[in-house]
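Undergrad: To start, I am sharing the structure in question, which I have written as structure tokens.
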Amino acid sequence: MTDPQQYTPGPASGAQVRKDGENWTLVLVRELHHPPERVWEALTDPAHLHGCAPFEADGTLGTVGTKVNLTTVGAPTPQVSETTVTRADAPKVLEYNWGAQDIRWELEALGAGTRLTLWHNIDRRFISMGAAGWHICLDVLDHLVNGTPIGRIVGGEAMKFGWQRLNAEYAKQFGVETPGLPPNAPKH
């Protein structure tokens, strides 16, 4: 495993917000240097998700109709959400609901790599926070797929790796106020 202390997230980029009244959807796009099949495995297999996702999955997310419990990691109180995979078109599209939020991953072959697009509806008050968190998770996913894992960086741990800067940068890009930190978040 690569030393996570060597990791610093780049500037806020590759994100936009789709607005429909009070319903906002975060759209994050990344280009990865590995084929969609490899990225798909990282997004659906619990062992891979353990290395990069902000939740633990007690089953594989790669089959429509599968019910999986997703448990938040790094939260003051872990939240468990039973999720049902609503679409799994390997290795192109994966959709499921996490809590009250819809998640859609789109994987598009791009030469020998993948253009990965995440669609996540998030309460507009927390859209920049979500963008900052997913930014770090996608960086960690990239390291995992590259064979140089740095380990999961979520919750309070993300504060040590530039989450606050990213939150402010995304808030500015999206034209929203920078939300404050959760009351129990460490301030580094």
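Labels used: A, B, ... for chains in the order of the structure tokens, numbers from 1 for residues in each chain, and numbers from 1 for ligands as shown.
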Using only C-alpha atoms, determine which residues lie at most 9 Å from Ile127 (chain A), disregarding the query and same-chain residues fewer than 5 positions distant; provide the list as a list of chain:residue names.
TA: A:Val17, A:Trp24, A:Thr25, A:Leu26, A:Asn121, A:Ile122, A:Ala132, A:Asn167, A:Tyr170, A:Ala171, A:Phe174, A:Val176
Undergrad: What would the file look like if the residues just selected were written as a JSON list (two decimals), in the first residue's frame with all heavy atoms?
TA:
[["chain", "number", "residue", "atom", "x", "y", "z"],
["A", 17, "VAL", "N", -23.42, 20.89, -11.18],
["A", 17, "VAL", "CA", -24.67, 20.66, -10.47],
["A", 17, "VAL", "C", -25.80, 20.83, -11.46],
["A", 17, "VAL", "O", -25.84, 21.80, -12.22],
["A", 17, "VAL", "CB", -24.84, 21.66, -9.30],
["A", 17, "VAL", "CG1", -26.19, 21.49, -8.64],
["A", 17, "VAL", "CG2", -23.73, 21.49, -8.29],
["A", 24, "TRP", "N", -31.28, 18.86, -6.40],
["A", 24, "TRP", "CA", -30.00, 19.10, -7.03],
["A", 24, "TRP", "C", -29.27, 17.78, -7.20],
["A", 24, "TRP", "O", -29.32, 16.91, -6.32],
["A", 24, "TRP", "CB", -29.15, 20.04, -6.19],
["A", 24, "TRP", "CG", -29.60, 21.47, -6.20],
["A", 24, "TRP", "CD1", -30.85, 21.94, -6.45],
["A", 24, "TRP", "CD2", -28.80, 22.61, -5.94],
["A", 24, "TRP", "NE1", -30.88, 23.30, -6.35],
["A", 24, "TRP", "CE2", -29.63, 23.74, -6.03],
["A", 24, "TRP", "CE3", -27.47, 22.78, -5.63],
["A", 24, "TRP", "CZ2", -29.16, 25.03, -5.83],
["A", 24, "TRP", "CZ3", -27.00, 24.07, -5.41],
["A", 24, "TRP", "CH2", -27.83, 25.18, -5.53],
["A", 25, "THR", "N", -28.59, 17.65, -8.31],
["A", 25, "THR", "CA", -27.81, 16.45, -8.58],
["A", 25, "THR", "C", -26.36, 16.84, -8.84],
["A", 25, "THR", "O", -26.09, 17.70, -9.69],
["A", 25, "THR", "CB", -28.37, 15.68, -9.80],
["A", 25, "THR", "OG1", -29.73, 15.33, -9.53],
["A", 25, "THR", "CG2", -27.56, 14.42, -10.07],
["A", 26, "LEU", "N", -25.47, 16.22, -8.11],
["A", 26, "LEU", "CA", -24.04, 16.40, -8.31],
["A", 26, "LEU", "C", -23.61, 15.49, -9.44],
["A", 26, "LEU", "O", -23.97, 14.31, -9.46],
["A", 26, "LEU", "CB", -23.29, 16.03, -7.03],
["A", 26, "LEU", "CG", -21.76, 15.97, -7.12],
["A", 26, "LEU", "CD1", -21.17, 17.34, -7.40],
["A", 26, "LEU", "CD2", -21.20, 15.38, -5.83],
["A", 121, "ASN", "N", -27.88, 12.58, -6.29],
["A", 121, "ASN", "CA", -28.73, 13.68, -5.82],
["A", 121, "ASN", "C", -28.47, 13.91, -4.34],
["A", 121, "ASN", "O", -28.50, 13.00, -3.54],
["A", 121, "ASN", "CB", -30.21, 13.42, -6.13],
["A", 121, "ASN", "CG", -30.82, 12.29, -5.34],
["A", 121, "ASN", "OD1", -30.13, 11.31, -5.02],
["A", 121, "ASN", "ND2", -32.08, 12.39, -5.03],
["A", 122, "ILE", "N", -28.11, 15.15, -4.02],
["A", 122, "ILE", "CA", -27.73, 15.54, -2.66],
["A", 122, "ILE", "C", -28.51, 16.79, -2.29],
["A", 122, "ILE", "O", -28.67, 17.68, -3.13],
["A", 122, "ILE", "CB", -26.20, 15.84, -2.58],
["A", 122, "ILE", "CG1", -25.38, 14.61, -2.94],
["A", 122, "ILE", "CG2", -25.82, 16.35, -1.21],
["A", 122, "ILE", "CD1", -23.88, 14.86, -2.97],
["A", 132, "ALA", "N", -16.80, 17.46, -2.41],
["A", 132, "ALA", "CA", -15.47, 17.33, -1.81],
["A", 132, "ALA", "C", -15.21, 15.89, -1.38],
["A", 132, "ALA", "O", -14.14, 15.33, -1.63],
["A", 132, "ALA", "CB", -15.32, 18.28, -0.63],
["A", 167, "ASN", "N", -14.16, 21.62, -0.26],
["A", 167, "ASN", "CA", -15.53, 22.06, 0.05],
["A", 167, "ASN", "C", -15.70, 23.53, -0.32],
["A", 167, "ASN", "O", -16.67, 23.91, -0.98],
["A", 167, "ASN", "CB", -15.80, 21.81, 1.54],
["A", 167, "ASN", "CG", -17.20, 22.20, 1.96],
["A", 167, "ASN", "OD1", -18.14, 22.18, 1.18],
["A", 167, "ASN", "ND2", -17.33, 22.56, 3.22],
["A", 170, "TYR", "N", -15.51, 23.95, -4.26],
["A", 170, "TYR", "CA", -16.74, 23.53, -4.92],
["A", 170, "TYR", "C", -17.89, 24.48, -4.61],
["A", 170, "TYR", "O", -18.69, 24.80, -5.50],
["A", 170, "TYR", "CB", -17.11, 22.09, -4.55],
["A", 170, "TYR", "CG", -16.30, 21.06, -5.32],
["A", 170, "TYR", "CD1", -15.47, 20.17, -4.65],
["A", 170, "TYR", "CD2", -16.38, 20.96, -6.71],
["A", 170, "TYR", "CE1", -14.73, 19.22, -5.35],
["A", 170, "TYR", "CE2", -15.64, 20.03, -7.41],
["A", 170, "TYR", "CZ", -14.82, 19.15, -6.73],
["A", 170, "TYR", "OH", -14.09, 18.22, -7.43],
["A", 171, "ALA", "N", -17.98, 24.96, -3.37],
["A", 171, "ALA", "CA", -19.04, 25.92, -3.02],
["A", 171, "ALA", "C", -18.95, 27.15, -3.92],
["A", 171, "ALA", "O", -19.96, 27.63, -4.44],
["A", 171, "ALA", "CB", -18.95, 26.30, -1.55],
["A", 174, "PHE", "N", -20.08, 26.26, -7.46],
["A", 174, "PHE", "CA", -21.51, 26.03, -7.56],
["A", 174, "PHE", "C", -22.34, 27.25, -7.19],
["A", 174, "PHE", "O", -23.56, 27.26, -7.34],
["A", 174, "PHE", "CB", -21.94, 24.86, -6.66],
["A", 174, "PHE", "CG", -21.27, 23.55, -6.95],
["A", 174, "PHE", "CD1", -21.17, 22.59, -5.95],
["A", 174, "PHE", "CD2", -20.73, 23.24, -8.19],
["A", 174, "PHE", "CE1", -20.57, 21.36, -6.19],
["A", 174, "PHE", "CE2", -20.11, 22.02, -8.44],
["A", 174, "PHE", "CZ", -20.04, 21.08, -7.43],
["A", 176, "VAL", "N", -22.75, 28.54, -4.08],
["A", 176, "VAL", "CA", -23.47, 28.31, -2.82],
["A", 176, "VAL", "C", -22.58, 28.75, -1.67],
["A", 176, "VAL", "O", -21.37, 28.87, -1.82],
["A", 176, "VAL", "CB", -23.88, 26.82, -2.65],
["A", 176, "VAL", "CG1", -24.84, 26.40, -3.75],
["A", 176, "VAL", "CG2", -22.67, 25.90, -2.60]]
Undergrad: Can you tell me, as a compact mmCIF listing (two decimals) with C-alpha atoms, in the first residue's frame, which residues in region 26-177 of chain A count as helix (DSSP H, G or I) by DSSP?
TA:
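The file below, selection-v3.txt, is the result:
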# COMPACT_ATOMS: atom_id res chain seq x y z
CA PRO A 36 -14.44 -0.21 -17.73
CA GLU A 37 -14.40 -3.86 -16.59
CA ARG A 38 -11.74 -3.08 -14.00
CA VAL A 39 -13.47 0.08 -12.79
CA TRP A 40 -16.79 -1.82 -12.64
CA GLU A 41 -15.25 -4.38 -10.30
CA ALA A 42 -14.04 -1.59 -8.00
CA LEU A 43 -17.56 -0.12 -7.87
CA THR A 44 -19.44 -3.37 -7.25
CA PRO A 46 -17.37 -5.33 -1.50
CA ALA A 47 -13.64 -6.05 -1.11
CA HIS A 48 -12.80 -3.23 -3.53
CA LEU A 49 -15.44 -0.88 -2.10
CA ARG A 124 -28.52 21.41 -2.03
CA ARG A 125 -27.33 22.60 1.40
CA PHE A 126 -24.65 19.89 1.33
CA ILE A 127 -23.79 19.73 -2.39
CA SER A 128 -20.26 21.16 -2.03
CA MET A 129 -19.56 18.86 0.93
CA GLY A 130 -20.66 15.87 -1.16
CA ALA A 131 -18.52 17.01 -4.08
CA ALA A 132 -15.47 17.33 -1.81
CA GLY A 133 -16.04 13.89 -0.30
CA TRP A 134 -16.62 12.16 -3.64
CA HIS A 135 -13.58 13.99 -5.11
CA ILE A 136 -11.37 12.31 -2.49
CA CYS A 137 -13.15 8.95 -2.86
CA LEU A 138 -12.62 9.03 -6.63
CA ASP A 139 -8.93 9.84 -6.15
CA VAL A 140 -8.69 6.86 -3.78
CA LEU A 141 -10.57 4.71 -6.33
CA ASP A 142 -8.08 5.77 -9.01
CA HIS A 143 -5.16 4.70 -6.79
CA LEU A 144 -6.89 1.40 -6.02
CA VAL A 145 -7.52 0.59 -9.69
CA GLY A 155 -15.32 11.15 7.42
CA GLY A 156 -13.09 13.01 9.83
CA GLU A 157 -10.02 11.42 8.23
CA ALA A 158 -10.72 13.40 5.03
CA MET A 159 -10.15 16.64 6.97
CA LYS A 160 -6.45 15.78 7.05
CA PHE A 161 -6.34 15.56 3.26
CA TRP A 163 -11.49 18.22 2.31
CA GLN A 164 -12.13 21.70 3.74
CA ARG A 165 -10.29 23.37 0.83
CA LEU A 166 -12.23 21.28 -1.69
CA ASN A 167 -15.53 22.06 0.05
CA ALA A 168 -14.82 25.80 -0.24
CA GLU A 169 -13.65 25.50 -3.88
CA TYR A 170 -16.74 23.53 -4.92
CA ALA A 171 -19.04 25.92 -3.02
CA LYS A 172 -17.54 28.81 -4.99
CA GLN A 173 -17.88 26.91 -8.30
CA PHE A 174 -21.51 26.03 -7.56
Undergrad: Counting only C-alpha atoms, which of A:Arg87, A:Arg104, A:Arg115, A:Lys67 gets nearest to Pro35 (chain A)?
TA: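 Of the candidates, the smallest distance to Pro35 (chain A) is held by A:Arg115.
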Undergrad: Work out how far apart CA of Pro9 (chain A) and CA of Asp45 (chain A) are and give it in Å to one decimal.
TA: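 Going from CA of Pro9 (chain A) over to CA of Asp45 (chain A), I get 24.6 Å.
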Undergrad: What's around Val29 (chain A) at 8 Å? Count only C-alpha atoms, leave out sequence neighbours fewer than 5 positions away in its own chain, and write the answer as a PyMOL selection string.
TA: chain A and resi 14-15+115-118
Undergrad: Which residues come within 9 Å of Thr83 (chain A), counting only C-alpha atoms, excluding same-chain residues fewer than 4 positions away, as a PDB file with N, CA and C atoms, in the first residue's frame?
TA:
ATOM      1  N   THR A  66     -30.599  -7.118  -6.386  1.00  0.00           N
ATOM      2  CA  THR A  66     -29.837  -7.485  -5.196  1.00  0.00           C
ATOM      3  C   THR A  66     -30.087  -6.466  -4.095  1.00  0.00           C
ATOM      4  N   LYS A  67     -30.332  -6.960  -2.880  1.00  0.00           N
ATOM      5  CA  LYS A  67     -30.465  -6.086  -1.707  1.00  0.00           C
ATOM      6  C   LYS A  67     -29.157  -6.153  -0.937  1.00  0.00           C
ATOM      7  N   VAL A  68     -28.597  -4.989  -0.659  1.00  0.00           N
ATOM      8  CA  VAL A  68     -27.311  -4.882   0.023  1.00  0.00           C
ATOM      9  C   VAL A  68     -27.449  -3.820   1.104  1.00  0.00           C
ATOM     10  N   ASN A  69     -26.866  -4.076   2.270  1.00  0.00           N
ATOM     11  CA  ASN A  69     -26.810  -3.053   3.310  1.00  0.00           C
ATOM     12  C   ASN A  69     -25.545  -2.234   3.113  1.00  0.00           C
ATOM     13  N   LEU A  70     -25.715  -0.920   3.050  1.00  0.00           N
ATOM     14  CA  LEU A  70     -24.593   0.003   2.961  1.00  0.00           C
ATOM     15  C   LEU A  70     -24.507   0.727   4.299  1.00  0.00           C
ATOM     16  N   TYR A  96     -28.303   2.578  -7.877  1.00  0.00           N
ATOM     17  CA  TYR A  96     -28.886   2.119  -6.628  1.00  0.00           C
ATOM     18  C   TYR A  96     -29.245   3.332  -5.796  1.00  0.00           C
ATOM     19  N   ASN A  97     -29.986   3.110  -4.721  1.00  0.00           N
ATOM     20  CA  ASN A  97     -30.375   4.173  -3.828  1.00  0.00           C
ATOM     21  C   ASN A  97     -29.594   4.009  -2.535  1.00  0.00           C
ATOM     22  N   TRP A  98     -28.986   5.086  -2.056  1.00  0.00           N
ATOM     23  CA  TRP A  98     -28.243   5.050  -0.797  1.00  0.00           C
ATOM     24  C   TRP A  98     -28.954   5.983   0.163  1.00  0.00           C
ATOM     25  N   GLY A  99     -29.671   5.412   1.117  1.00  0.00           N
ATOM     26  CA  GLY A  99     -30.525   6.230   1.966  1.00  0.00           C
ATOM     27  C   GLY A  99     -31.632   6.785   1.087  1.00  0.00           C
TER      28      GLY A  99
END
Undergrad: Write down as an MDAnalysis selection string the residues of region 53-187 of chain A whose backbone DSSP state falls under strand (DSSP E or B).
TA: chainID A and resid 55:57 67:72 80:89 93:98 101:110 113:121
Undergrad: Tell me which of A:Ala100, A:Ala75, A:Ala57, A:Leu32 sits closest to Asn146 (chain A), counting only C-alpha atoms.
TA: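 That would be A:Leu32, the residue with the smallest distance to Asn146 (chain A).
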Undergrad: Using only C-alpha atoms, which protein or nucleic acid residues come within 7 Å of Val93 (chain A)? Drop anything in the same chain fewer than 5 positions from it, and give the result as number ranges by chain.
TA: A: 87-88, 105-107
Undergrad: Would you save the residues of that selection, restricted to C-alpha atoms, as a JSON list (two decimals), in the first residue's frame?
TA:
[["chain", "number", "residue", "atom", "x", "y", "z"],
["A", 87, "ARG", "CA", -29.81, -1.09, -12.77],
["A", 88, "ALA", "CA", -26.65, -3.07, -13.43],
["A", 105, "TRP", "CA", -22.35, 5.42, -12.14],
["A", 106, "GLU", "CA", -21.78, 5.59, -15.89],
["A", 107, "LEU", "CA", -18.67, 4.00, -17.36]]
Undergrad: With only C-alpha atoms as the basis for distance, which of A:Gln5, A:Gln101, A:Thr71, A:Gln79 is at the shortest distance from Ile153 (chain A)?
TA: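 Smallest separation from Ile153 (chain A) among the options: A:Gln5.
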Undergrad: So, counting only C-alpha atoms, which residue among A:Ser81, A:Thr148, A:Asn23, A:Gln6 is closest to Asp58 (chain A)?
TA: A:Ser81
